[in-house]
Amino acid sequence: MAHMQTDTLISDIDSRTIPYGRQWIDDSDIQAVLDVLRSDWLTQGPKSKEFEDKFASYCGAEYAVSVTSGTAALHLSCLAAGIGPGDEVITSPITFAASSNCALYVGATPVFIDIHPGTICMDPERLAEYLRNRPGVSQDTRPKAVIPVHFAGLPCDMEAIKEAAGGHGLRIIEDACHAHGARYKSGERVGSCKYSDMTVFSFHPLKNMTTGEGGMITTNDPDLYEKLILLRTHGISKINLQDSSYHEDYYYEMQLLGFNYRMNDIQSALGISQLKKLDTFLQKRRETADYYFNAFKGLDDYMTLPPDSNGSHAWHIYVIQLKNNNRDNVFRKLKETGIGVQVHYIPVYLFPYYQKLGYGEGLCPYGEAYFKRAVTIPLYSSINSEDMKFVVERVCEAVKV
Ligand SMILES: Cc1ncc(COP(=O)(O)O)c(C=O)c1O
């Protein structure tokens, strides 16, 4: 009988899959959403403004503008920054495609600056070198903005990026879609825009907090704020009217070509509820990362662990790098044994769409080398200790294949 029970247990364990990421939704989140559904406002109402104010205050920024996704946030930031044809937007190759697609949306040219292999974030020295020498994609374009990506939740060296970009008058838009709650070396929260014009967040379910889908832009610049608000709603305004011949209350005017990128009150209520728990989520993510660091000690021959940062990291994902040219085997093995894995990321410019635009292999050697080694293993705020142990056991086995 005891034997049978053990067998059952093993087969149960074998058949489960631990995802690499997932949301944490509890009763208070559900209640917050239900309250909005029972209220008078479904789309932008009191909850949207409350979420923006609370998010801005959490980050230490003056303003926050909620939108439908991180992608919409990047798109509007590029428009608000006045980026267009003939402009270069400089970003990292190791990111989600949206970080550079936003340049294409506005007719600009993405430029990829290689990562630093120690941080997997854009290397500020390479950025400085690029801006000094301009070996550019095309001499018909000029650098206009830089979008550093806080990869995995580790803040980029923003002081160095600002120094490199500042002398060239570049706009700085931080892609903080992995970095809710992270802190710079100087202690301020990412999103405070201490080093940038705007900071962009995503609230996709796999992110550090969620609104289902959603995004946010923070800024300290009142002009950018006004522009973002306009662009989010079709470029339509009822205030600061340009045509003074209308005096009736029905009048509104379209001043810019904008979009409908409004986050609704249902999502905003969920966002407010999630924001209350963000520090707890981060604490749990850090504890899981620490557990992995300790558990993987002694496996240096097989893999490199992610960079730590003395508490400033938001630990959106935990990426190990395989040393023995066996990433695909390890990936497969982990998947087969019930570990949710992913690769963050394929260098963006290697996608067929970018290749057709003229980008090609060899552009960012460190990014390409990293891609061949990387595997993301499960890390999320609701992971339990049994699952963490299971992940460690399976990873320790798999890396030796
Ligand atoms: C680094 C980065 N930038 C931008 C985005 C786009 O965010 P969203 O999925 O909310 O559009 C993501 C989302 O995966 C991301 O990881």
# chains A, B, ... in the order shown; residues from 1 in each chain; ligands from 1
call {"tool": "closest_atom_pairs", "arguments": {"of": "chain A", "to": "ligand 1", "cutoff": "7 Å", "atoms": "only C-alpha atoms and all ligand atoms", "output": "tab-separated table"}}
result
residue	atom	partner	partner_atom_place_in_ligand_line	distance
A:Ser69	CA	ligand 1	10 (O)	3.9
A:Gly70	CA	ligand 1	7 (O)	3.5
A:Thr71	CA	ligand 1	11 (O)	3.7
A:Ala72	CA	ligand 1	11 (O)	6.5
A:Thr95	CA	ligand 1	1 (C)	5.1
A:Phe96	CA	ligand 1	2 (C)	4.8
A:Ala98	CA	ligand 1	4 (C)	5.0
A:Ser99	CA	ligand 1	3 (N)	5.1
A:Val149	CA	ligand 1	1 (C)	6.1
A:Phe151	CA	ligand 1	1 (C)	6.8
A:Asp175	CA	ligand 1	3 (N)	5.9
A:Ala176	CA	ligand 1	1 (C)	6.8
A:Cys177	CA	ligand 1	2 (C)	4.8
A:His178	CA	ligand 1	16 (O)	6.0
A:Ser202	CA	ligand 1	10 (O)	4.1
A:Phe203	CA	ligand 1	10 (O)	5.7
A:His204	CA	ligand 1	10 (O)	5.0
A:Glu213	CA	ligand 1	10 (O)	6.1
A:Gly214	CA	ligand 1	10 (O)	5.6
A:Gly215	CA	ligand 1	10 (O)	5.8
call {"tool": "write_last_selection", "arguments": {"atoms": "N, CA and C atoms", "output": "CSV table (one decimal), in the first residue's frame"}}
result
chain,number,residue,atom,x,y,z
A,69,SER,N,-2.2,49.0,-23.1
A,69,SER,CA,-1.1,48.0,-23.0
A,69,SER,C,0.3,48.7,-22.9
A,70,GLY,N,1.3,47.9,-22.7
A,70,GLY,CA,2.6,48.5,-22.7
A,70,GLY,C,3.0,48.9,-24.1
A,71,THR,N,2.5,48.2,-25.1
A,71,THR,CA,2.8,48.6,-26.5
A,71,THR,C,2.1,50.0,-26.8
A,72,ALA,N,0.9,50.2,-26.4
A,72,ALA,CA,0.3,51.5,-26.6
A,72,ALA,C,1.0,52.6,-25.8
A,95,THR,N,14.9,42.1,-26.0
A,95,THR,CA,13.7,42.7,-25.4
A,95,THR,C,12.5,42.1,-26.2
A,96,PHE,N,11.3,42.5,-25.8
A,96,PHE,CA,10.1,42.1,-26.5
A,96,PHE,C,10.0,43.1,-27.7
A,98,ALA,N,8.0,44.9,-29.0
A,98,ALA,CA,7.3,46.2,-28.9
A,98,ALA,C,8.3,47.3,-28.6
A,99,SER,N,9.4,47.0,-28.0
A,99,SER,CA,10.4,48.1,-27.6
A,99,SER,C,10.9,48.8,-28.9
A,149,VAL,N,15.9,49.2,-21.8
A,149,VAL,CA,14.9,48.2,-21.3
A,149,VAL,C,15.5,47.7,-20.0
A,151,PHE,N,15.9,45.0,-18.3
A,151,PHE,CA,15.7,43.6,-18.6
A,151,PHE,C,15.5,42.7,-17.4
A,175,ASP,N,11.8,51.6,-20.9
A,175,ASP,CA,10.9,50.5,-21.0
A,175,ASP,C,11.0,49.7,-19.7
A,176,ALA,N,10.0,50.0,-18.8
A,176,ALA,CA,10.1,49.4,-17.5
A,176,ALA,C,9.0,48.3,-17.4
A,177,CYS,N,8.7,47.7,-18.5
A,177,CYS,CA,7.6,46.7,-18.6
A,177,CYS,C,7.9,45.4,-17.7
A,178,HIS,N,9.2,45.3,-17.3
A,178,HIS,CA,9.6,44.2,-16.4
A,178,HIS,C,9.9,44.7,-15.0
A,202,SER,N,3.9,47.8,-18.4
A,202,SER,CA,2.9,46.9,-18.9
A,202,SER,C,2.2,46.2,-17.8
A,203,PHE,N,0.9,45.9,-17.9
A,203,PHE,CA,0.2,45.2,-16.8
A,203,PHE,C,-0.4,43.9,-17.4
A,204,HIS,N,0.3,43.3,-18.4
A,204,HIS,CA,0.0,42.0,-18.9
A,204,HIS,C,0.0,41.0,-17.7
A,213,GLU,N,-5.0,43.3,-19.4
A,213,GLU,CA,-4.1,43.9,-20.3
A,213,GLU,C,-4.0,45.4,-19.8
A,214,GLY,N,-3.0,46.1,-20.1
A,214,GLY,CA,-2.9,47.5,-19.7
A,214,GLY,C,-1.5,48.0,-19.7
A,215,GLY,N,-1.4,49.3,-19.6
A,215,GLY,CA,-0.1,49.9,-19.6
A,215,GLY,C,-0.2,51.3,-18.9
call {"tool": "residues_around", "arguments": {"residues": "Tyr130 of chain A", "least_positions_apart": "5", "cutoff": "12 Å", "atoms": "only C-alpha atoms", "output": "list in words"}}
result
Glu88, Ile90, Thr91, Val111, Phe112, Ile113, Asp114, Asp123, Pro124, Glu125, Pro135, Gly136, Val137, Arg142, Pro143, Val146, Ala164, Ala165 and His168 of chain A
call {"tool": "closest_atom_pairs", "arguments": {"of": "segment 297-368 of chain A", "to": "segment 280-284 of chain A", "cutoff": "10 Å", "atoms": "only C-alpha atoms", "output": "JSON lines"}}
result
{"residue": "A:Gly311", "atom": "CA", "partner": "A:Gln283", "partner_atom": "CA", "distance": 9.5}
{"residue": "A:His313", "atom": "CA", "partner": "A:Leu282", "partner_atom": "CA", "distance": 8.8}
{"residue": "A:Ala314", "atom": "CA", "partner": "A:Leu282", "partner_atom": "CA", "distance": 6.2}
{"residue": "A:Trp315", "atom": "CA", "partner": "A:Leu282", "partner_atom": "CA", "distance": 7.3}
{"residue": "A:His316", "atom": "CA", "partner": "A:Leu282", "partner_atom": "CA", "distance": 8.7}
call {"tool": "closest_residue", "arguments": {"among": "A:His180, A:Lys356, A:Arg16, A:Lys372", "to": "Tyr58 of chain A", "atoms": "only C-alpha atoms"}}
result
A:His180
call {"tool": "closest_residue", "arguments": {"among": "A:Ile272, A:Leu170, A:Val33, A:Gly191", "to": "Gly82 of chain A", "atoms": "only C-alpha atoms"}}
result
A:Leu170
call {"tool": "closest_residue", "arguments": {"among": "A:Val348, A:Glu159, A:Thr376, A:Phe296", "to": "Glu397 of chain A", "atoms": "only C-alpha atoms"}}
result
A:Phe296
call {"tool": "closest_residue", "arguments": {"among": "A:Ser385, A:Asn324, A:Asn101, A:Ser268", "to": "Pro46 of chain A", "atoms": "only C-alpha atoms"}}
result
A:Ser268
call {"tool": "atom_distance", "arguments": {"atom1": "atom CA of Thr304 of chain A", "atom2": "atom CA of Gly362 of chain A"}}
result
22.7 Å
call {"tool": "residues_around", "arguments": {"residues": "Leu76 of chain A", "least_positions_apart": "4", "cutoff": "8 Å", "atoms": "only C-alpha atoms", "output": "ChimeraX atom specification"}}
result
/A:72,80,228,231-232
call {"tool": "closest_residue", "arguments": {"among": "A:Ala32, A:Ile383, A:Ile25, A:Ala81", "to": "Thr288 of chain A", "atoms": "only C-alpha atoms"}}
result
A:Ile383
call {"tool": "select_by_dssp", "arguments": {"residues": "segment 241-297 of chain A", "states": "helix (DSSP H, G or I)", "output": "CSV table (one decimal) with all heavy atoms, in the first residue's frame"}}
result
chain,number,residue,atom,x,y,z
A,265,ASP,N,-12.4,51.5,-16.2
A,265,ASP,CA,-12.4,51.6,-14.8
A,265,ASP,C,-12.4,50.1,-14.2
A,265,ASP,O,-12.0,50.0,-13.0
A,265,ASP,CB,-13.7,52.3,-14.3
A,265,ASP,CG,-13.3,53.7,-13.9
A,265,ASP,OD1,-12.4,54.3,-14.4
A,265,ASP,OD2,-14.0,54.2,-12.9
A,266,ILE,N,-12.8,49.2,-14.9
A,266,ILE,CA,-12.7,47.8,-14.4
A,266,ILE,C,-11.3,47.4,-14.3
A,266,ILE,O,-10.9,46.9,-13.2
A,266,ILE,CB,-13.4,46.8,-15.4
A,266,ILE,CG1,-14.9,47.3,-15.7
A,266,ILE,CG2,-13.4,45.4,-14.9
A,266,ILE,CD1,-15.5,46.6,-16.9
A,267,GLN,N,-10.5,47.7,-15.3
A,267,GLN,CA,-9.0,47.3,-15.2
A,267,GLN,C,-8.4,48.2,-14.2
A,267,GLN,O,-7.5,47.7,-13.4
A,267,GLN,CB,-8.4,47.6,-16.6
A,267,GLN,CG,-8.8,46.7,-17.7
A,267,GLN,CD,-8.4,47.3,-19.0
A,267,GLN,OE1,-8.7,48.4,-19.4
A,267,GLN,NE2,-7.6,46.5,-19.8
A,268,SER,N,-8.8,49.5,-14.1
A,268,SER,CA,-8.1,50.4,-13.1
A,268,SER,C,-8.4,49.9,-11.7
A,268,SER,O,-7.5,50.0,-10.9
A,268,SER,CB,-8.6,51.8,-13.3
A,268,SER,OG,-8.3,52.3,-14.6
A,269,ALA,N,-9.6,49.5,-11.4
A,269,ALA,CA,-9.9,49.0,-10.1
A,269,ALA,C,-9.0,47.8,-9.7
A,269,ALA,O,-8.5,47.7,-8.6
A,269,ALA,CB,-11.4,48.6,-10.0
A,270,LEU,N,-8.8,46.9,-10.7
A,270,LEU,CA,-7.9,45.8,-10.5
A,270,LEU,C,-6.5,46.3,-10.3
A,270,LEU,O,-5.8,45.8,-9.4
A,270,LEU,CB,-8.0,44.8,-11.7
A,270,LEU,CG,-7.1,43.6,-11.7
A,270,LEU,CD1,-7.4,42.7,-10.4
A,270,LEU,CD2,-7.4,42.7,-13.0
A,271,GLY,N,-6.1,47.3,-11.0
A,271,GLY,CA,-4.8,47.9,-10.9
A,271,GLY,C,-4.5,48.5,-9.5
A,271,GLY,O,-3.5,48.2,-8.9
A,272,ILE,N,-5.5,49.2,-9.0
A,272,ILE,CA,-5.4,49.8,-7.6
A,272,ILE,C,-5.2,48.7,-6.6
A,272,ILE,O,-4.4,48.7,-5.7
A,272,ILE,CB,-6.7,50.6,-7.3
A,272,ILE,CG1,-6.8,51.8,-8.2
A,272,ILE,CG2,-6.7,51.1,-5.8
A,272,ILE,CD1,-8.2,52.5,-8.2
A,273,SER,N,-6.0,47.6,-6.7
A,273,SER,CA,-6.0,46.5,-5.8
A,273,SER,C,-4.6,45.8,-5.9
A,273,SER,O,-4.0,45.4,-4.9
A,273,SER,CB,-7.1,45.6,-6.1
A,273,SER,OG,-7.1,44.5,-5.3
A,274,GLN,N,-4.1,45.6,-7.1
A,274,GLN,CA,-2.8,44.9,-7.3
A,274,GLN,C,-1.7,45.8,-6.8
A,274,GLN,O,-0.7,45.3,-6.2
A,274,GLN,CB,-2.6,44.6,-8.8
A,274,GLN,CG,-3.5,43.5,-9.3
A,274,GLN,CD,-2.9,42.2,-9.3
A,274,GLN,OE1,-1.8,42.0,-9.9
A,274,GLN,NE2,-3.5,41.3,-8.5
A,275,LEU,N,-1.8,47.1,-7.0
A,275,LEU,CA,-0.7,48.0,-6.6
A,275,LEU,C,-0.5,47.9,-5.1
A,275,LEU,O,0.6,48.0,-4.6
A,275,LEU,CB,-1.0,49.4,-7.0
A,275,LEU,CG,0.0,50.5,-6.8
A,275,LEU,CD1,1.3,50.2,-7.5
A,275,LEU,CD2,-0.5,51.9,-7.2
A,276,LYS,N,-1.6,47.7,-4.3
A,276,LYS,CA,-1.5,47.6,-2.8
A,276,LYS,C,-0.6,46.4,-2.5
A,276,LYS,O,0.0,46.4,-1.4
A,276,LYS,CB,-2.9,47.4,-2.2
A,276,LYS,CG,-3.7,48.6,-2.2
A,276,LYS,CD,-5.0,48.2,-1.4
A,276,LYS,CE,-6.1,49.2,-1.8
A,276,LYS,NZ,-7.5,48.6,-1.7
A,277,LYS,N,-0.6,45.4,-3.3
A,277,LYS,CA,0.2,44.2,-3.0
A,277,LYS,C,1.5,44.1,-3.7
A,277,LYS,O,2.2,43.1,-3.5
A,277,LYS,CB,-0.7,43.0,-3.4
A,277,LYS,CG,-2.0,42.9,-2.6
A,277,LYS,CD,-2.7,41.6,-3.0
A,277,LYS,CE,-3.5,41.8,-4.3
A,277,LYS,NZ,-4.9,42.0,-4.2
A,278,LEU,N,1.8,45.1,-4.5
A,278,LEU,CA,3.0,45.0,-5.3
A,278,LEU,C,4.3,44.8,-4.5
A,278,LEU,O,5.1,43.9,-4.8
A,278,LEU,CB,3.2,46.3,-6.2
A,278,LEU,CG,4.4,46.3,-7.1
A,278,LEU,CD1,4.5,45.1,-8.0
A,278,LEU,CD2,4.5,47.6,-7.9
A,279,ASP,N,4.4,45.5,-3.4
A,279,ASP,CA,5.6,45.3,-2.5
A,279,ASP,C,5.7,43.8,-2.0
A,279,ASP,O,6.8,43.2,-1.9
A,279,ASP,CB,5.7,46.3,-1.4
A,279,ASP,CG,6.1,47.7,-2.0
A,279,ASP,OD1,6.6,47.7,-3.1
A,279,ASP,OD2,5.9,48.7,-1.3
A,280,THR,N,4.6,43.3,-1.7
A,280,THR,CA,4.5,41.9,-1.2
A,280,THR,C,4.9,41.0,-2.4
A,280,THR,O,5.7,40.0,-2.2
A,280,THR,CB,3.1,41.5,-0.7
A,280,THR,OG1,2.7,42.6,0.1
A,280,THR,CG2,3.1,40.2,0.0
A,281,PHE,N,4.4,41.2,-3.5
A,281,PHE,CA,4.7,40.4,-4.7
A,281,PHE,C,6.2,40.5,-4.9
A,281,PHE,O,6.9,39.4,-5.2
A,281,PHE,CB,4.1,41.0,-6.0
A,281,PHE,CG,2.6,40.8,-6.0
A,281,PHE,CD1,1.8,41.6,-7.0
A,281,PHE,CD2,1.9,40.0,-5.2
A,281,PHE,CE1,0.4,41.5,-7.1
A,281,PHE,CE2,0.5,39.9,-5.3
A,281,PHE,CZ,-0.2,40.6,-6.2
A,282,LEU,N,6.8,41.7,-4.8
A,282,LEU,CA,8.2,41.8,-5.1
A,282,LEU,C,9.1,41.0,-4.1
A,282,LEU,O,10.1,40.4,-4.4
A,282,LEU,CB,8.6,43.3,-5.1
A,282,LEU,CG,8.1,44.1,-6.2
A,282,LEU,CD1,8.5,45.6,-6.0
A,282,LEU,CD2,8.6,43.6,-7.6
A,283,GLN,N,8.6,41.1,-2.8
A,283,GLN,CA,9.3,40.4,-1.7
A,283,GLN,C,9.3,38.9,-2.0
A,283,GLN,O,10.4,38.2,-1.9
A,283,GLN,CB,8.6,40.7,-0.4
A,283,GLN,CG,9.1,40.0,0.8
A,283,GLN,CD,10.6,40.4,1.0
A,283,GLN,OE1,11.0,41.5,0.6
A,283,GLN,NE2,11.4,39.5,1.7
A,284,LYS,N,8.2,38.4,-2.5
A,284,LYS,CA,8.1,36.9,-2.8
A,284,LYS,C,9.0,36.6,-4.0
A,284,LYS,O,9.7,35.6,-4.0
A,284,LYS,CB,6.6,36.6,-3.1
A,284,LYS,CG,6.4,35.2,-3.4
A,284,LYS,CD,6.6,34.3,-2.2
A,284,LYS,CE,6.4,32.9,-2.6
A,284,LYS,NZ,7.3,31.9,-2.3
A,285,ARG,N,9.0,37.5,-5.0
A,285,ARG,CA,9.9,37.2,-6.2
A,285,ARG,C,11.3,37.2,-5.7
A,285,ARG,O,12.1,36.4,-6.2
A,285,ARG,CB,9.6,38.3,-7.2
A,285,ARG,CG,8.3,38.2,-8.0
A,285,ARG,CD,8.1,39.3,-9.0
A,285,ARG,NE,6.9,39.1,-9.7
A,285,ARG,CZ,6.7,38.4,-10.8
A,285,ARG,NH1,7.8,37.8,-11.3
A,285,ARG,NH2,5.6,38.3,-11.4
A,286,ARG,N,11.7,38.2,-4.8
A,286,ARG,CA,13.1,38.2,-4.4
A,286,ARG,C,13.4,36.9,-3.6
A,286,ARG,O,14.5,36.4,-3.8
A,286,ARG,CB,13.3,39.4,-3.4
A,286,ARG,CG,13.7,40.6,-4.2
A,286,ARG,CD,14.0,41.8,-3.4
A,286,ARG,NE,13.7,43.0,-4.2
A,286,ARG,CZ,12.9,44.0,-3.9
A,286,ARG,NH1,12.2,44.0,-2.8
A,286,ARG,NH2,12.7,44.9,-4.8
A,287,GLU,N,12.5,36.5,-2.8
A,287,GLU,CA,12.8,35.3,-2.0
A,287,GLU,C,13.0,34.1,-2.9
A,287,GLU,O,13.9,33.2,-2.6
A,287,GLU,CB,11.6,35.0,-1.0
A,287,GLU,CG,11.7,35.9,0.2
A,287,GLU,CD,10.3,35.9,1.0
A,287,GLU,OE1,9.5,35.0,0.8
A,287,GLU,OE2,10.1,36.8,1.8
A,288,THR,N,12.2,34.0,-3.9
A,288,THR,CA,12.3,32.9,-4.9
A,288,THR,C,13.7,33.0,-5.6
A,288,THR,O,14.4,32.0,-5.7
A,288,THR,CB,11.2,32.9,-5.9
A,288,THR,OG1,9.9,33.0,-5.2
A,288,THR,CG2,11.2,31.7,-6.8
A,289,ALA,N,14.0,34.2,-6.0
A,289,ALA,CA,15.3,34.3,-6.7
A,289,ALA,C,16.5,33.9,-5.7
A,289,ALA,O,17.4,33.2,-6.1
A,289,ALA,CB,15.5,35.8,-7.2
A,290,ASP,N,16.4,34.4,-4.5
A,290,ASP,CA,17.4,34.0,-3.5
A,290,ASP,C,17.5,32.5,-3.3
A,290,ASP,O,18.6,31.9,-3.2
A,290,ASP,CB,17.1,34.7,-2.1
A,290,ASP,CG,17.4,36.2,-2.2
A,290,ASP,OD1,18.1,36.6,-3.1
A,290,ASP,OD2,17.0,36.9,-1.2
A,291,TYR,N,16.3,31.9,-3.3
A,291,TYR,CA,16.3,30.4,-3.1
A,291,TYR,C,17.0,29.8,-4.2
A,291,TYR,O,17.8,28.8,-4.0
A,291,TYR,CB,14.8,30.0,-3.0
A,291,TYR,CG,14.6,28.5,-2.9
A,291,TYR,CD1,14.7,27.9,-1.7
A,291,TYR,CD2,14.3,27.7,-4.0
A,291,TYR,CE1,14.5,26.5,-1.5
A,291,TYR,CE2,14.2,26.4,-3.9
A,291,TYR,CZ,14.2,25.8,-2.7
A,291,TYR,OH,14.0,24.4,-2.6
A,292,TYR,N,16.8,30.2,-5.5
A,292,TYR,CA,17.4,29.7,-6.6
A,292,TYR,C,18.9,29.9,-6.6
A,292,TYR,O,19.7,29.0,-6.8
A,292,TYR,CB,16.9,30.3,-7.9
A,292,TYR,CG,15.5,29.8,-8.3
A,292,TYR,CD1,14.7,30.5,-9.2
A,292,TYR,CD2,14.9,28.6,-7.8
A,292,TYR,CE1,13.4,30.1,-9.6
A,292,TYR,CE2,13.6,28.2,-8.2
A,292,TYR,CZ,12.9,29.0,-9.1
A,292,TYR,OH,11.6,28.6,-9.5
A,293,PHE,N,19.3,31.1,-6.2
A,293,PHE,CA,20.8,31.4,-6.1
A,293,PHE,C,21.5,30.4,-5.2
A,293,PHE,O,22.5,29.9,-5.6
A,293,PHE,CB,21.0,32.8,-5.6
A,293,PHE,CG,20.9,33.9,-6.7
A,293,PHE,CD1,20.0,34.9,-6.6
A,293,PHE,CD2,21.8,33.9,-7.8
A,293,PHE,CE1,19.9,35.9,-7.6
A,293,PHE,CE2,21.8,34.9,-8.8
A,293,PHE,CZ,20.8,35.9,-8.7
A,294,ASN,N,20.9,30.2,-4.1
A,294,ASN,CA,21.5,29.3,-3.1
A,294,ASN,C,21.5,27.9,-3.6
A,294,ASN,O,22.5,27.2,-3.5
A,294,ASN,CB,20.8,29.4,-1.8
A,294,ASN,CG,21.1,30.6,-1.0
A,294,ASN,OD1,22.3,31.1,-1.1
A,294,ASN,ND2,20.2,31.2,-0.3
A,295,ALA,N,20.4,27.5,-4.2
A,295,ALA,CA,20.2,26.1,-4.6
A,295,ALA,C,21.2,25.7,-5.8
A,295,ALA,O,21.6,24.6,-5.9
A,295,ALA,CB,18.8,25.8,-5.0
call {"tool": "atom_distance", "arguments": {"atom1": "atom CA of Ile317 of chain A", "atom2": "atom CA of Met303 of chain A"}}
result
16.3 Å
